[in-house]
Structure formats: structure tokens, C-alpha cells
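Visitor: You'll find upload-v2.txt just under this line, and it carries compact mmCIF, C-alpha atoms.
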# COMPACT_ATOMS: atom_id res chain seq x y z
CA MET A 137 67.02 -42.65 8.11
CA GLY A 138 63.76 -40.74 8.64
CA PHE A 139 61.16 -39.91 6.04
CA ALA A 140 60.91 -36.17 5.50
CA ILE A 141 57.74 -34.57 4.17
CA SER A 142 58.36 -31.44 2.15
CA ASP A 143 56.72 -28.13 3.00
CA GLU A 144 55.06 -28.22 -0.43
CA LEU A 145 53.34 -31.50 0.35
CA LEU A 146 52.36 -30.33 3.82
CA GLY A 147 50.96 -27.13 2.34
CA THR A 148 48.70 -29.28 0.20
CA ILE A 149 47.64 -31.89 2.76
CA VAL A 150 47.31 -29.93 6.00
CA PRO A 151 44.49 -27.56 4.89
CA ILE A 152 42.47 -30.57 3.69
CA VAL A 153 42.89 -32.33 7.03
CA VAL A 154 42.10 -29.08 8.88
CA TYR A 155 38.91 -28.71 6.83
CA TRP A 156 37.48 -32.04 7.95
CA ILE A 157 38.66 -31.73 11.56
CA TYR A 158 37.06 -28.31 12.04
CA SER A 159 33.96 -29.34 10.13
CA GLY A 160 33.59 -32.28 12.51
CA ILE A 161 33.92 -29.99 15.52
CA TYR A 162 31.21 -27.66 14.19
CA VAL A 163 28.93 -30.59 13.37
CA CYS A 164 29.18 -31.67 17.02
CA LEU A 165 28.53 -28.12 18.24
CA GLY A 166 25.53 -27.93 15.94
CA SER A 167 23.62 -30.10 18.38
CA PHE A 168 23.31 -27.01 20.61
CA GLU A 169 20.16 -25.42 19.18
CA ASN A 170 20.68 -22.19 21.15
CA TYR A 171 23.66 -21.26 18.95
CA ARG A 172 22.19 -22.16 15.56
CA LEU A 173 21.14 -19.64 12.88
CA HIS A 174 18.62 -22.18 11.54
CA SER A 175 16.95 -25.12 13.21
CA LYS A 176 18.10 -28.66 12.49
CA THR A 177 14.69 -29.23 10.87
CA ASP A 178 15.28 -26.34 8.46
CA GLU A 179 18.69 -27.74 7.60
CA ASP A 180 17.18 -31.09 6.70
CA GLU A 181 14.12 -29.76 4.85
CA LYS A 182 15.27 -26.61 3.05
CA ASN A 183 18.54 -27.81 1.57
CA LEU A 184 18.26 -29.18 -1.96
CA VAL A 185 21.17 -31.61 -1.89
CA SER A 186 22.01 -34.60 0.31
CA LYS A 187 24.96 -34.54 2.68
CA GLN A 188 26.41 -37.59 0.95
CA THR A 189 26.49 -35.66 -2.34
CA VAL A 190 28.07 -32.68 -0.58
CA VAL A 191 30.87 -34.85 0.84
CA LYS A 192 31.59 -36.34 -2.58
CA GLY A 193 31.64 -32.88 -4.18
CA VAL A 194 34.02 -31.47 -1.59
CA LEU A 195 36.41 -34.42 -1.89
CA LEU A 196 36.47 -33.96 -5.67
CA GLN A 197 37.31 -30.29 -5.33
CA GLN A 198 40.02 -30.97 -2.75
CA SER A 199 41.58 -33.56 -5.06
CA VAL A 200 41.76 -31.04 -7.90
CA GLN A 201 43.19 -28.40 -5.55
CA ALA A 202 45.87 -30.81 -4.33
CA VAL A 203 47.03 -31.61 -7.88
CA VAL A 204 47.12 -27.93 -8.89
CA ALA A 205 48.95 -26.94 -5.68
CA ILE A 206 51.67 -29.55 -6.23
CA LEU A 207 52.10 -28.36 -9.83
CA LEU A 208 52.24 -24.74 -8.67
CA PHE A 209 54.92 -25.44 -6.08
CA THR A 210 56.92 -27.41 -8.63
CA LEU A 211 56.70 -24.85 -11.43
CA SER A 212 57.36 -21.86 -9.17
CA GLY A 213 60.64 -23.39 -8.02
CA SER A 214 59.74 -22.56 -4.44
CA ASP A 215 62.37 -24.88 -2.95
CA ALA A 216 65.10 -22.41 -3.84
CA GLY A 217 63.50 -19.56 -1.93
CA ALA A 218 62.08 -21.59 0.92
CA SER A 219 65.18 -21.59 3.11
CA ALA A 220 65.50 -17.82 2.80
CA GLN A 221 61.83 -17.23 3.54
CA GLN A 222 61.83 -19.48 6.59
CA SER A 223 63.97 -16.94 8.48
CA SER A 224 61.74 -14.00 7.52
CA SER A 225 60.99 -11.44 10.21
CA PHE A 226 57.64 -11.29 11.94
CA ILE A 227 56.82 -8.06 10.11
CA THR A 228 57.51 -9.72 6.76
CA LEU A 229 55.27 -12.65 7.65
CA VAL A 230 52.45 -10.29 8.70
CA ARG A 231 52.83 -8.35 5.46
CA GLN A 232 52.65 -11.58 3.45
CA PHE A 233 49.57 -12.75 5.37
CA VAL A 234 47.73 -9.44 4.94
CA THR A 235 48.67 -9.25 1.25
CA ALA A 236 47.44 -12.79 0.66
CA MET A 237 44.19 -12.03 2.50
CA VAL A 238 43.52 -8.93 0.39
CA VAL A 239 44.38 -10.71 -2.87
CA LEU A 240 42.17 -13.68 -2.03
CA ASP A 241 39.29 -11.46 -0.93
CA THR A 242 39.54 -9.32 -4.07
CA TRP A 243 39.59 -12.31 -6.40
CA GLN A 244 36.75 -14.05 -4.57
CA TYR A 245 34.53 -10.95 -4.46
CA PHE A 246 34.63 -10.12 -8.15
CA LEU A 247 34.40 -13.74 -9.31
CA HIS A 248 31.59 -14.48 -6.85
CA ARG A 249 29.64 -11.39 -7.88
CA TYR A 250 30.08 -12.17 -11.57
CA MET A 251 28.83 -15.71 -10.96
CA HIS A 252 25.59 -14.15 -9.69
CA GLU A 253 25.25 -11.48 -12.37
CA ASN A 254 25.89 -13.81 -15.30
CA LYS A 255 22.70 -15.87 -15.63
CA PHE A 256 24.39 -18.72 -17.49
CA LEU A 257 27.16 -19.09 -14.91
CA TYR A 258 24.73 -18.85 -12.04
CA ARG A 259 22.34 -21.43 -13.46
CA HIS A 260 24.95 -23.93 -14.55
CA VAL A 261 27.79 -23.33 -12.07
CA HIS A 262 27.25 -21.24 -8.93
CA SER A 263 23.69 -22.35 -8.17
CA LEU A 264 25.18 -25.67 -7.04
CA HIS A 265 26.57 -23.98 -3.92
CA HIS A 266 23.25 -22.26 -3.26
CA ARG A 267 21.47 -25.58 -3.03
CA LEU A 268 22.60 -25.23 0.58
CA VAL A 269 19.98 -22.71 1.66
CA VAL A 270 20.96 -23.52 5.23
CA PRO A 271 24.78 -23.64 5.18
CA TYR A 272 26.72 -26.05 7.35
CA ALA A 273 30.43 -26.48 8.00
CA PHE A 274 31.49 -29.29 5.68
CA GLY A 275 29.45 -27.76 2.85
CA ALA A 276 31.75 -24.72 2.74
CA LEU A 277 33.61 -26.03 -0.32
CA TYR A 278 30.64 -27.62 -2.01
CA ASN A 279 30.90 -25.97 -5.43
CA HIS A 280 30.76 -26.85 -9.08
CA PRO A 281 34.25 -28.09 -10.10
CA VAL A 282 34.63 -25.11 -12.45
CA GLU A 283 33.91 -22.67 -9.62
CA GLY A 284 36.19 -24.56 -7.27
CA LEU A 285 39.01 -24.34 -9.82
CA LEU A 286 38.48 -20.65 -10.65
CA GLY A 287 37.60 -19.42 -7.18
CA ASP A 288 39.52 -21.38 -4.60
CA THR A 289 42.36 -22.91 -6.61
CA VAL A 290 43.24 -19.94 -8.83
CA GLY A 291 42.51 -17.50 -6.01
CA GLY A 292 44.77 -19.44 -3.69
CA ALA A 293 47.52 -19.58 -6.31
CA LEU A 294 47.35 -15.81 -6.83
CA SER A 295 47.47 -15.07 -3.11
CA PHE A 296 50.48 -17.39 -2.74
CA LEU A 297 52.41 -15.94 -5.68
CA LEU A 298 51.62 -12.24 -5.17
CA SER A 299 52.30 -12.29 -1.42
CA GLY A 300 55.73 -13.87 -1.93
CA MET A 301 55.19 -16.31 0.92
CA SER A 302 57.17 -19.53 1.18
CA PRO A 303 55.57 -22.99 1.06
CA ARG A 304 56.07 -23.23 4.82
CA THR A 305 54.25 -19.96 5.44
CA SER A 306 51.49 -21.06 3.06
CA ILE A 307 50.76 -24.04 5.33
CA PHE A 308 49.64 -21.63 8.04
CA PHE A 309 47.91 -19.19 5.71
CA PHE A 310 45.81 -21.73 3.86
CA SER A 311 44.98 -23.58 7.08
CA PHE A 312 43.82 -20.26 8.55
CA ALA A 313 41.79 -19.45 5.41
CA THR A 314 40.26 -22.92 5.51
CA ILE A 315 39.18 -22.59 9.15
CA LYS A 316 37.73 -19.14 8.39
CA THR A 317 35.77 -20.47 5.40
CA VAL A 318 34.41 -23.38 7.43
CA ASP A 319 33.42 -20.99 10.21
CA ASP A 320 31.61 -18.71 7.74
CA HIS A 321 29.42 -21.63 6.67
CA CYS A 322 28.98 -23.35 10.04
CA GLY A 323 25.56 -21.80 10.72
CA LEU A 324 26.46 -21.14 14.35
CA MET A 325 26.91 -18.00 16.44
CA LEU A 326 29.15 -19.26 19.20
CA PRO A 327 29.92 -17.01 22.19
CA GLY A 328 33.51 -15.81 22.28
CA ASN A 329 34.23 -16.95 18.72
CA PRO A 330 37.40 -14.99 17.79
CA PHE A 331 36.41 -14.90 14.11
CA HIS A 332 33.24 -13.03 15.06
CA ILE A 333 35.20 -10.65 17.27
CA PHE A 334 37.86 -9.69 14.72
CA PHE A 335 35.95 -10.05 11.44
CA ARG A 336 32.69 -8.47 10.31
CA ASN A 337 32.52 -11.19 7.67
CA ASN A 338 31.20 -14.10 9.73
CA SER A 339 28.62 -16.90 9.69
CA ALA A 340 25.64 -14.52 10.08
CA TYR A 341 26.96 -12.20 7.37
CA HIS A 342 27.34 -15.07 4.91
CA ASP A 343 24.05 -16.66 5.96
CA ILE A 344 22.29 -13.52 4.69
CA HIS A 345 23.78 -14.16 1.26
CA HIS A 346 22.43 -17.72 1.17
CA GLN A 347 18.85 -16.52 1.70
CA LEU A 348 16.68 -15.53 -1.27
CA TYR A 349 16.57 -11.85 -0.27
CA GLY A 350 20.37 -11.68 0.08
CA THR A 351 21.66 -13.25 -3.12
CA LYS A 352 22.57 -9.84 -4.57
CA TYR A 353 24.41 -8.78 -1.43
CA ASN A 354 27.27 -9.81 0.85
CA PHE A 355 29.49 -11.33 -1.84
CA SER A 356 32.67 -10.77 0.16
CA GLN A 357 34.55 -13.80 1.42
CA PRO A 358 36.34 -15.07 3.38
CA PHE A 359 37.91 -12.28 5.44
CA PHE A 360 36.77 -8.68 5.00
CA VAL A 361 33.63 -6.81 3.89
CA MET A 362 35.44 -3.91 2.22
CA TRP A 363 34.39 -4.65 -1.37
CA ASP A 364 30.73 -4.98 -0.38
CA ARG A 365 30.90 -1.62 1.38
CA ILE A 366 32.81 0.14 -1.41
CA LEU A 367 30.63 -1.20 -4.24
CA GLY A 368 27.22 -0.98 -2.57
CA THR A 369 26.50 -4.68 -2.06
CA TYR A 370 26.68 -4.62 1.73
CA MET A 371 23.47 -5.74 3.45
CA PRO A 372 23.37 -4.74 7.13
CA TYR A 373 21.56 -7.08 9.47
CA SER A 374 20.55 -7.57 13.05
CA LEU A 375 20.92 -10.76 15.02
CA GLU A 376 17.64 -11.70 16.67
CA LYS A 377 16.81 -14.54 19.04
CA ARG A 378 14.34 -17.10 17.72
CA THR A 379 11.49 -18.06 20.04
CA GLU A 380 12.26 -21.75 19.60
CA GLY A 381 15.94 -21.15 20.44
CA GLY A 382 18.96 -19.99 18.51
CA PHE A 383 19.43 -16.88 16.40
CA GLU A 384 18.28 -15.42 13.11
CA ALA A 385 20.18 -12.92 10.96
CA ARG A 386 17.61 -10.44 9.69
CA PRO A 387 18.23 -7.65 7.15
CA THR A 388 17.54 -4.13 8.40
CA LYS A 389 14.16 -2.57 7.63
CA GLU A 390 15.19 -0.60 4.55
CA PHE A 391 16.34 -3.82 2.86
CA LYS A 392 13.22 -5.72 3.91
CA ASP A 393 11.14 -3.12 2.13
CA ASP A 394 13.04 -3.44 -1.18
Here is a file; write its structure as C-alpha cells.
Guide:
Amino acid sequence: MGFAISDELLGTIVPIVVYWIYSGIYVCLGSFENYRLHSKTDEDEKNLVSKQTVVKGVLLQQSVQAVVAILLFTLSGSDAGASAQQSSSFITLVRQFVTAMVVLDTWQYFLHRYMHENKFLYRHVHSLHHRLVVPYAFGALYNHPVEGLLGDTVGGALSFLLSGMSPRTSIFFFSFATIKTVDDHCGLMLPGNPFHIFFRNNSAYHDIHHQLYGTKYNFSQPFFVMWDRILGTYMPYSLEKRTEGGFEARPTKEFKDD
């Protein structure tokens, strides 16, 4: 008699495993200076928090997310609808994915922007994430526990519930969202990266936000840039080669002069 793992449990565990696998891949690729947005020296000297502390913070957040996800699956009674959803058409699955992406982006944008505009929340909550002036892959989920709960956990719950996806579909969606979030923080501009081909919101776009001149811009995450464009917080940039190797995302002239 085999041991079966439920879709609900897989939907909780798989994105966590995916996070660390893809982070490890990007850490290895980070040794190629020609693809970095910041030098390894800048990463070591400019960041205000140790990597050991970052790992501990991410593991704490993932633990909280796992508990909340299991409770959500249990309370939503998703087992009853899972078998019906598993045979959903391709069009239905695409609709659920796109809906979840828009919901997650909308929630993240307005919460993220408010975390910057409210001085108390920025100082005591969101500034923790901005201790990573030079972002790297496994620091993607390094947040204050309150922000992790409100942003990622609640945002994920809303995208799951409002899209109507099944626990099985959520395994793929949240794994995809996790990979995208890790990529946005990896600090690399890799040739042929599909995320950079299909999404304007990429590692260079988010790197701008982590710099001092960009903290009031580029709030959108993790998929689209629509809310930044609609609400005037979009900072255009150019990607320039650094003389010592690698790239640098630079704001366009009109923003430099602000």
C-alpha cells in the first residue's frame, strides 16, 4: 500500500523546494561577472544584512506560509472540487493562471506602494527587505514577518481563491510565481532568459527599485508593470555595460535630473 501525498500538501511544499533549487542555480551563475547587474564586491559591501540572517528570515517566512496554506486548503474544502478541476480545459487553466497573476500583481502593487508611503511601515517593516541594496536570488523572500504574511501569504490566498484554481493547479502557479520572484531578485541579466523576453518586469526593472533613486518607482511585482504605468510610478531605464564587466540598469536622463 503506497503513501499518497495530497495535492494540498504538494502545493505547500513544492514552491518552497523550487525556491531553494532555483536560488542555488542563480547563485552558481552569479560567478559569471559578465552577466551581473552589480559586482560581487558591491554585493558583499553594500548590503546591510548577512546572508546567514537572510536564510533564517526566509525559512521563517516559508514556515508561516506553509501553515497558512494548509489551513486555507482545509477551510476552503478544496478536496471536493479538486477532482472536477483536474479535468478542466486548457482555456480554463489559462484563464485561472492569468486571473491569479493579475490578482497577485494588484495586491502586491498597492501593498508594496503603501509600505513605502507610510513612514512607520517603511521604517519598521518594509525597510528590512531594502537592506539588500544589491538583491540576490535567495533574498527574494527576505521580508519582515508582517510583510511576508500580508504580501505573499494573503496575496497568494487571494489569487488562489479568486481564480478558482484547484490545489493541483496551484502547485504549478505558485511554483511559477516563485521562480519569477527569484529571477526578479537574482541580479543577473542572462542571455535568452525567457522571463526577460516575455515580461517587462525583470531583474533590471526591480533592481532600479532597490537603489536609492528608485524607491518611489517600480513597485510592480512579480509579473507585469501595468500598475506602475497607469499610476505614474514607472521608471524607464537603459541597460549599460560596465567597464569592469557586467551590466548596470540606469534610469533615463529625465529621472536622473529629478
Visitor: Measuring atom to atom with all atoms listed in the file, identify which of A:Val150, A:Val185, A:Leu229, A:Val261 is nearest to Thr305 of chain A.
Guide: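 Checking each of A:Val150, A:Val185, A:Leu229, A:Val261 against Thr305 of chain A, counting all atoms listed in the file, the winner is A:Leu229.
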Visitor: Set the distance at 8 Å and use only C-alpha atoms: which residues neighbour Tyr245 of chain A once local chain neighbours fewer than 2 positions away are removed? I'd like the list as a list in words.
Guide: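 Selected residues are Asp241, Thr242, Trp243, Leu247, His248, Arg249, Phe355, Ser356, Gln357 and Trp363 of chain A.
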Visitor: Using all atoms listed in the file, which of A:Met371, A:Ala340, A:Ile333, A:Val191 sits nearest Ser159 of chain A?
Guide: A:Val191
Visitor: So, counting only C-alpha atoms, which residue among A:Gly166, A:Pro372, A:Pro303, A:Gly193 is closest to Glu283 of chain A?
Guide: A:Gly193
Visitor: Could you tell me how far atom CA of Ala236 of chain A sits from atom CA of Leu268 of chain A, in Å to one decimal place?
Guide: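 Here the two named atoms are 27.8 Å from each other.
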Visitor: For a quick check of understanding, using all atoms listed in the file, which of A:His345, A:Gly350, A:Tyr171, A:Gly275 has the smallest distance to Asn329 of chain A?
Guide: A:Tyr171
Visitor: Excluding Leu264 of chain A and residues on its chain fewer than 3 positions from it, collect all residues at most 9 Å away from it, counting all atoms listed in the file, and give them as an MDAnalysis selection string.
Guide: chainID A and resid 185 258:261 267:268 278:280
Visitor: Can you work out the spacing between atom CA of Val290 of chain A and atom CA of Val204 of chain A in Å, to one decimal?
Guide: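 Here the two named atoms are 8.9 Å from each other.
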Visitor: Can you tell me how far atom CA of Glu144 of chain A sits from atom CA of Phe209 of chain A, in Å to one decimal?
Guide: 6.3 Å
Visitor: Between A:Ile307, A:Leu184, A:Met237, A:Ile206, single out the one closest to Ser263 of chain A, counting all atoms listed in the file.
Guide: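 Ranking A:Ile307, A:Leu184, A:Met237, A:Ile206 by distance to Ser263 of chain A, first place goes to A:Leu184.
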Visitor: Which residue gives the smallest distance to Pro327 of chain A among A:Phe383, A:Thr388, A:Ile152, A:Ile157, with only C-alpha atoms counted?
Guide: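 Checking each candidate against Pro327 of chain A, we get A:Phe383 as the closest.
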Visitor: Leaving out segment 230-234 of chain A and any residue of its chain fewer than 2 positions from it, which residues lie within 7 Å of it when counting only C-alpha atoms, given as a list in words?
Guide: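 What passes the distance filter is Phe226, Ile227, Thr228, Ala236, Met237, Val238, Ser299, Gly300, Met301 and Phe309 of chain A.
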Visitor: Counting all atoms listed in the file, find residues at most 9 Å from (43.3, -24.0, 6.6) (file frame) and give them as a ChimeraX atom specification.
Guide: /A:150-155,307-318
